[in-house]
$ cat data-v8.pdb   # PDB, N, CA and C atoms
ATOM      1  N   MET A  68      38.991  31.152  48.645
ATOM      2  CA  MET A  68      38.422  30.898  49.951
ATOM      3  C   MET A  68      39.188  31.744  50.972
ATOM      4  N   PRO A  69      38.478  32.515  51.795
ATOM      5  CA  PRO A  69      39.152  33.344  52.800
ATOM      6  C   PRO A  69      39.924  32.495  53.811
ATOM      7  N   LYS A  70      40.988  33.087  54.340
ATOM      8  CA  LYS A  70      41.794  32.438  55.372
ATOM      9  C   LYS A  70      41.882  33.359  56.570
ATOM     10  N   ARG A  71      42.039  32.755  57.725
ATOM     11  CA  ARG A  71      42.208  33.515  58.950
ATOM     12  C   ARG A  71      43.240  32.796  59.803
ATOM     13  N   MET A  72      44.221  33.533  60.313
ATOM     14  CA  MET A  72      45.217  32.979  61.229
ATOM     15  C   MET A  72      44.855  33.447  62.634
ATOM     16  N   ILE A  73      44.695  32.488  63.542
ATOM     17  CA  ILE A  73      44.314  32.808  64.916
ATOM     18  C   ILE A  73      45.160  31.989  65.890
ATOM     19  N   THR A  74      45.230  32.473  67.110
ATOM     20  CA  THR A  74      45.847  31.712  68.189
ATOM     21  C   THR A  74      44.769  31.416  69.217
ATOM     22  N   LEU A  75      44.685  30.153  69.606
ATOM     23  CA  LEU A  75      43.710  29.710  70.593
ATOM     24  C   LEU A  75      44.424  29.445  71.906
ATOM     25  N   ILE A  76      43.886  29.973  72.990
ATOM     26  CA  ILE A  76      44.401  29.711  74.329
ATOM     27  C   ILE A  76      43.310  28.924  75.062
ATOM     28  N   TYR A  77      43.591  27.643  75.297
ATOM     29  CA  TYR A  77      42.618  26.735  75.898
ATOM     30  C   TYR A  77      42.687  26.757  77.418
ATOM     31  N   PRO A  78      41.536  26.716  78.090
ATOM     32  CA  PRO A  78      41.552  26.485  79.530
ATOM     33  C   PRO A  78      41.821  24.994  79.800
ATOM     34  N   GLN A  79      42.251  24.692  80.983
ATOM     35  CA  GLN A  79      42.615  23.326  81.354
ATOM     36  C   GLN A  79      41.494  22.323  81.067
ATOM     37  N   ALA A  80      40.261  22.691  81.302
ATOM     38  CA  ALA A  80      39.133  21.769  81.139
ATOM     39  C   ALA A  80      38.924  21.315  79.693
ATOM     40  N   LEU A  81      39.444  22.051  78.719
ATOM     41  CA  LEU A  81      39.208  21.713  77.308
ATOM     42  C   LEU A  81      40.416  21.113  76.595
ATOM     43  N   ILE A  82      41.521  20.941  77.297
ATOM     44  CA  ILE A  82      42.744  20.477  76.643
ATOM     45  C   ILE A  82      42.556  19.131  75.945
ATOM     46  N   LYS A  83      41.814  18.224  76.546
ATOM     47  CA  LYS A  83      41.659  16.879  75.976
ATOM     48  C   LYS A  83      40.427  16.744  75.087
ATOM     49  N   GLU A  84      39.709  17.825  74.861
ATOM     50  CA  GLU A  84      38.507  17.794  74.021
ATOM     51  C   GLU A  84      38.879  17.999  72.548
ATOM     52  N   PRO A  85      38.167  17.351  71.626
ATOM     53  CA  PRO A  85      38.469  17.487  70.192
ATOM     54  C   PRO A  85      37.862  18.761  69.584
ATOM     55  N   VAL A  86      38.254  19.895  70.117
ATOM     56  CA  VAL A  86      37.655  21.179  69.745
ATOM     57  C   VAL A  86      37.893  21.512  68.271
ATOM     58  N   ILE A  87      39.105  21.330  67.777
ATOM     59  CA  ILE A  87      39.415  21.677  66.387
ATOM     60  C   ILE A  87      38.665  20.755  65.433
ATOM     61  N   TYR A  88      38.549  19.492  65.774
ATOM     62  CA  TYR A  88      37.772  18.555  64.959
ATOM     63  C   TYR A  88      36.312  19.005  64.876
ATOM     64  N   ARG A  89      35.730  19.332  66.014
ATOM     65  CA  ARG A  89      34.326  19.772  66.033
ATOM     66  C   ARG A  89      34.137  21.072  65.250
ATOM     67  N   LEU A  90      35.085  21.982  65.399
ATOM     68  CA  LEU A  90      35.045  23.239  64.652
ATOM     69  C   LEU A  90      35.031  22.961  63.148
ATOM     70  N   SER A  91      35.899  22.079  62.726
ATOM     71  CA  SER A  91      36.010  21.726  61.310
ATOM     72  C   SER A  91      34.715  21.114  60.780
ATOM     73  N   ARG A  92      34.177  20.154  61.508
ATOM     74  CA  ARG A  92      32.969  19.450  61.060
ATOM     75  C   ARG A  92      31.727  20.345  61.092
ATOM     76  N   GLN A  93      31.553  21.057  62.181
ATOM     77  CA  GLN A  93      30.328  21.838  62.365
ATOM     78  C   GLN A  93      30.247  23.036  61.425
ATOM     79  N   PHE A  94      31.397  23.661  61.126
ATOM     80  CA  PHE A  94      31.387  24.895  60.344
ATOM     81  C   PHE A  94      32.026  24.748  58.965
ATOM     82  N   LYS A  95      32.383  23.510  58.613
ATOM     83  CA  LYS A  95      32.981  23.223  57.296
ATOM     84  C   LYS A  95      34.215  24.090  57.050
ATOM     85  N   LEU A  96      35.085  24.127  58.054
ATOM     86  CA  LEU A  96      36.335  24.870  57.961
ATOM     87  C   LEU A  96      37.490  23.893  57.804
ATOM     88  N   ILE A  97      38.534  24.343  57.138
ATOM     89  CA  ILE A  97      39.731  23.523  56.961
ATOM     90  C   ILE A  97      40.816  24.091  57.875
ATOM     91  N   PRO A  98      41.163  23.357  58.946
ATOM     92  CA  PRO A  98      42.182  23.854  59.870
ATOM     93  C   PRO A  98      43.573  23.335  59.511
ATOM     94  N   THR A  99      44.566  24.184  59.692
ATOM     95  CA  THR A  99      45.965  23.788  59.579
ATOM     96  C   THR A  99      46.662  24.282  60.841
ATOM     97  N   VAL A 100      47.194  23.355  61.618
ATOM     98  CA  VAL A 100      47.915  23.726  62.837
ATOM     99  C   VAL A 100      49.306  24.192  62.438
ATOM    100  N   ARG A 101      49.645  25.407  62.789
ATOM    101  CA  ARG A 101      50.957  25.990  62.485
ATOM    102  C   ARG A 101      51.934  25.839  63.641
ATOM    103  N   ARG A 102      51.385  25.824  64.853
ATOM    104  CA  ARG A 102      52.232  25.667  66.039
ATOM    105  C   ARG A 102      51.318  25.294  67.199
ATOM    106  N   ALA A 103      51.831  24.479  68.107
ATOM    107  CA  ALA A 103      51.043  24.113  69.282
ATOM    108  C   ALA A 103      51.963  23.889  70.476
ATOM    109  N   ARG A 104      51.448  24.244  71.632
ATOM    110  CA  ARG A 104      52.156  24.005  72.894
ATOM    111  C   ARG A 104      51.089  23.670  73.926
ATOM    112  N   VAL A 105      51.187  22.480  74.489
ATOM    113  CA  VAL A 105      50.178  22.024  75.441
ATOM    114  C   VAL A 105      50.873  21.557  76.718
ATOM    115  N   THR A 106      50.371  22.020  77.843
ATOM    116  CA  THR A 106      50.831  21.555  79.151
ATOM    117  C   THR A 106      49.612  21.010  79.886
ATOM    118  N   GLU A 107      49.802  20.571  81.108
ATOM    119  CA  GLU A 107      48.660  20.079  81.887
ATOM    120  C   GLU A 107      47.716  21.201  82.298
ATOM    121  N   GLN A 108      48.197  22.439  82.293
ATOM    122  CA  GLN A 108      47.382  23.567  82.733
ATOM    123  C   GLN A 108      46.714  24.338  81.597
ATOM    124  N   THR A 109      47.330  24.385  80.432
ATOM    125  CA  THR A 109      46.802  25.205  79.343
ATOM    126  C   THR A 109      47.282  24.679  77.993
ATOM    127  N   GLY A 110      46.612  25.112  76.962
ATOM    128  CA  GLY A 110      47.025  24.773  75.601
ATOM    129  C   GLY A 110      47.022  26.021  74.746
ATOM    130  N   GLU A 111      47.981  26.101  73.846
ATOM    131  CA  GLU A 111      48.060  27.228  72.916
ATOM    132  C   GLU A 111      48.280  26.661  71.517
ATOM    133  N   VAL A 112      47.408  27.033  70.590
ATOM    134  CA  VAL A 112      47.484  26.527  69.225
ATOM    135  C   VAL A 112      47.389  27.691  68.251
ATOM    136  N   MET A 113      48.375  27.797  67.352
ATOM    137  CA  MET A 113      48.279  28.754  66.252
ATOM    138  C   MET A 113      47.662  27.985  65.088
ATOM    139  N   LEU A 114      46.564  28.497  64.585
ATOM    140  CA  LEU A 114      45.746  27.777  63.629
ATOM    141  C   LEU A 114      45.423  28.653  62.432
ATOM    142  N   GLU A 115      45.585  28.098  61.237
ATOM    143  CA  GLU A 115      45.122  28.770  60.025
ATOM    144  C   GLU A 115      43.809  28.111  59.630
ATOM    145  N   LEU A 116      42.784  28.915  59.445
ATOM    146  CA  LEU A 116      41.472  28.402  59.056
ATOM    147  C   LEU A 116      41.124  28.875  57.656
ATOM    148  N   ASP A 117      40.676  27.952  56.816
ATOM    149  CA  ASP A 117      40.170  28.263  55.481
ATOM    150  C   ASP A 117      38.677  27.977  55.474
ATOM    151  N   GLY A 118      37.908  28.879  54.887
ATOM    152  CA  GLY A 118      36.472  28.653  54.787
ATOM    153  C   GLY A 118      35.751  29.905  54.355
ATOM    154  N   GLU A 119      34.446  29.797  54.248
ATOM    155  CA  GLU A 119      33.625  30.946  53.895
ATOM    156  C   GLU A 119      33.648  31.954  55.047
ATOM    157  N   GLU A 120      33.555  33.229  54.711
ATOM    158  CA  GLU A 120      33.657  34.298  55.712
ATOM    159  C   GLU A 120      32.649  34.120  56.845
ATOM    160  N   ASP A 121      31.402  33.805  56.512
ATOM    161  CA  ASP A 121      30.370  33.620  57.529
ATOM    162  C   ASP A 121      30.712  32.449  58.443
ATOM    163  N   ALA A 122      31.204  31.356  57.864
ATOM    164  CA  ALA A 122      31.584  30.183  58.655
ATOM    165  C   ALA A 122      32.767  30.498  59.566
ATOM    166  N   LEU A 123      33.727  31.278  59.068
ATOM    167  CA  LEU A 123      34.867  31.682  59.898
ATOM    168  C   LEU A 123      34.386  32.473  61.115
ATOM    169  N   ASN A 124      33.515  33.436  60.888
ATOM    170  CA  ASN A 124      32.996  34.256  61.991
ATOM    171  C   ASN A 124      32.209  33.423  63.000
ATOM    172  N   LYS A 125      31.361  32.532  62.507
ATOM    173  CA  LYS A 125      30.573  31.677  63.401
ATOM    174  C   LYS A 125      31.464  30.697  64.159
ATOM    175  N   GLY A 126      32.472  30.170  63.484
ATOM    176  CA  GLY A 126      33.392  29.240  64.134
ATOM    177  C   GLY A 126      34.176  29.902  65.250
ATOM    178  N   ILE A 127      34.641  31.113  65.005
ATOM    179  CA  ILE A 127      35.381  31.846  66.034
ATOM    180  C   ILE A 127      34.470  32.185  67.217
ATOM    181  N   ALA A 128      33.230  32.544  66.943
ATOM    182  CA  ALA A 128      32.271  32.804  68.023
ATOM    183  C   ALA A 128      32.007  31.527  68.829
ATOM    184  N   TYR A 129      31.935  30.398  68.155
ATOM    185  CA  TYR A 129      31.757  29.097  68.811
ATOM    186  C   TYR A 129      32.906  28.830  69.788
ATOM    187  N   LEU A 130      34.144  29.043  69.322
ATOM    188  CA  LEU A 130      35.313  28.823  70.179
ATOM    189  C   LEU A 130      35.273  29.723  71.411
ATOM    190  N   ALA A 131      34.960  30.993  71.196
ATOM    191  CA  ALA A 131      34.879  31.942  72.310
ATOM    192  C   ALA A 131      33.787  31.520  73.293
ATOM    193  N   GLY A 132      32.683  31.013  72.770
ATOM    194  CA  GLY A 132      31.596  30.549  73.619
ATOM    195  C   GLY A 132      31.974  29.361  74.490
ATOM    196  N   LEU A 133      32.957  28.592  74.053
ATOM    197  CA  LEU A 133      33.448  27.466  74.847
ATOM    198  C   LEU A 133      34.388  27.908  75.965
ATOM    199  N   GLY A 134      34.805  29.164  75.918
ATOM    200  CA  GLY A 134      35.746  29.662  76.915
ATOM    201  C   GLY A 134      37.183  29.673  76.430
ATOM    202  N   ILE A 135      37.366  29.503  75.130
ATOM    203  CA  ILE A 135      38.697  29.554  74.532
ATOM    204  C   ILE A 135      38.981  30.997  74.140
ATOM    205  N   ARG A 136      40.141  31.503  74.540
ATOM    206  CA  ARG A 136      40.532  32.849  74.132
ATOM    207  C   ARG A 136      41.027  32.770  72.694
ATOM    208  N   VAL A 137      40.452  33.584  71.821
ATOM    209  CA  VAL A 137      40.806  33.601  70.403
ATOM    210  C   VAL A 137      41.464  34.938  70.096
ATOM    211  N   GLU A 138      42.707  34.876  69.603
ATOM    212  CA  GLU A 138      43.442  36.093  69.274
ATOM    213  C   GLU A 138      43.802  36.086  67.798
ATOM    214  N   PRO A 139      43.524  37.176  67.077
ATOM    215  CA  PRO A 139      43.968  37.256  65.685
ATOM    216  C   PRO A 139      45.495  37.228  65.659
ATOM    217  N   THR A 140      46.049  36.510  64.696
ATOM    218  CA  THR A 140      47.497  36.367  64.592
ATOM    219  C   THR A 140      47.919  36.730  63.182
ATOM    220  N   PRO A 141      48.785  37.721  63.041
ATOM    221  CA  PRO A 141      49.247  38.061  61.694
ATOM    222  C   PRO A 141      49.947  36.865  61.062
ATOM    223  N   GLY A 142      49.640  36.631  59.802
ATOM    224  CA  GLY A 142      50.278  35.525  59.096
ATOM    225  C   GLY A 142      50.285  35.776  57.614
ATOM    226  N   LYS A 143      51.211  35.182  56.934
ATOM    227  CA  LYS A 143      51.346  35.343  55.492
ATOM    228  C   LYS A 143      50.085  34.847  54.792
ATOM    229  N   GLY A 144      49.502  35.714  53.974
ATOM    230  CA  GLY A 144      48.339  35.337  53.184
ATOM    231  C   GLY A 144      47.042  35.286  53.959
ATOM    232  N   CYS A 145      47.044  35.745  55.187
ATOM    233  CA  CYS A 145      45.818  35.669  55.985
ATOM    234  C   CYS A 145      45.328  37.049  56.336
TER     235      CYS A 145
END

$ encode --input "data-v8.pdb" --output "structure tokens"
Amino acid sequence: MPKRMITLIYPQALIKEPVIYRLSRQFKLIPTVRRARVTEQTGEVMLELDGEEDALNKGIAYLAGLGIRVEPTPGKGC
């Protein structure tokens, strides 16, 4: 199963939303949080995603469509 390591930068309006849960359920992806830092103004999450290539691409597009900045992050095995 392909893996992708990404960093998500959340806007303030989405910090309390269950974005990773929805991503997992809607696109059948397996998320693993590698690192997270959340303040009242912004959130940053380093996330490893496992899933089918098409689902990974659609999931990342979904996140970007919500206004979350998605950055590829080099990681072991990803």

$ residues_near_point --input "data-v8.pdb" --point "(37.7, 25.6, 78.8)" --cutoff "8 Å" --atoms "only N, CA and C atoms" --output "PyMOL selection string"
chain A and resi 76-82+133-136

$ resolve_selection --input "data-v8.pdb" --expression "the PyMOL selection byres ((chain A and resi 97-102) around 7)" --output "number ranges by chain"
A: 91, 94-96, 103-104, 111-118

$ select_by_dssp --input "data-v8.pdb" --residues "chain A" --states "strand (DSSP E or B)" --output "list in words"
Lys70, Arg71, Met72, Ile73, Thr74, Leu75, Ile76, Tyr77, Ile97, Pro98, Thr99, Val100, Arg101, Arg102, Ala103, Arg104, Val105, Gly110, Glu111, Val112, Met113, Leu114, Glu115, Leu116, Asp117, Arg136, Val137, Glu138 and Pro139 of chain A

$ atom_distance --input "data-v8.pdb" --atom1 "CA of Asn124 (chain A)" --atom2 "CA of Pro141 (chain A)"
16.7 Å

$ residues_near_point --input "data-v8.pdb" --point "(45.8, 33.2, 64.4)" --cutoff "5 Å" --atoms "only N, CA and C atoms" --output "PDB file with N, CA and C atoms, keeping the file's coordinate frame"
ATOM      1  N   MET A  72      44.221  33.533  60.313  1.00  0.00           N
ATOM      2  CA  MET A  72      45.217  32.979  61.229  1.00  0.00           C
ATOM      3  C   MET A  72      44.855  33.447  62.634  1.00  0.00           C
ATOM      4  N   ILE A  73      44.695  32.488  63.542  1.00  0.00           N
ATOM      5  CA  ILE A  73      44.314  32.808  64.916  1.00  0.00           C
ATOM      6  C   ILE A  73      45.160  31.989  65.890  1.00  0.00           C
ATOM      7  N   THR A  74      45.230  32.473  67.110  1.00  0.00           N
ATOM      8  CA  THR A  74      45.847  31.712  68.189  1.00  0.00           C
ATOM      9  C   THR A  74      44.769  31.416  69.217  1.00  0.00           C
ATOM     10  N   LEU A 114      46.564  28.497  64.585  1.00  0.00           N
ATOM     11  CA  LEU A 114      45.746  27.777  63.629  1.00  0.00           C
ATOM     12  C   LEU A 114      45.423  28.653  62.432  1.00  0.00           C
ATOM     13  N   GLU A 138      42.707  34.876  69.603  1.00  0.00           N
ATOM     14  CA  GLU A 138      43.442  36.093  69.274  1.00  0.00           C
ATOM     15  C   GLU A 138      43.802  36.086  67.798  1.00  0.00           C
ATOM     16  N   PRO A 139      43.524  37.176  67.077  1.00  0.00           N
ATOM     17  CA  PRO A 139      43.968  37.256  65.685  1.00  0.00           C
ATOM     18  C   PRO A 139      45.495  37.228  65.659  1.00  0.00           C
ATOM     19  N   THR A 140      46.049  36.510  64.696  1.00  0.00           N
ATOM     20  CA  THR A 140      47.497  36.367  64.592  1.00  0.00           C
ATOM     21  C   THR A 140      47.919  36.730  63.182  1.00  0.00           C
TER      22      THR A 140
END

$ atom_distance --input "data-v8.pdb" --atom1 "atom C of Lys125 (chain A)" --atom2 "atom C of Glu84 (chain A)"
16.9 Å

$ axis_aligned_box --input "data-v8.pdb" --around "region 91-100 of chain A" --padding-each-side "6 Å" --output "AutoDock Vina command-line options"
--center_x 39.8 --center_y 22.2 --center_z 59.9 --size_x 31.1 --size_y 17.4 --size_z 17.9

$ atom_distance --input "data-v8.pdb" --atom1 "CA of Pro85 (chain A)" --atom2 "CA of Glu120 (chain A)"
22.7 Å

$ residues_around --input "data-v8.pdb" --residues "Ile127 (chain A)" --least-positions-apart "6" --cutoff "8 Å" --atoms "only N, CA and C atoms" --output "list of chain:residue names"
A:Leu90, A:Asp121, A:Leu133, A:Val137
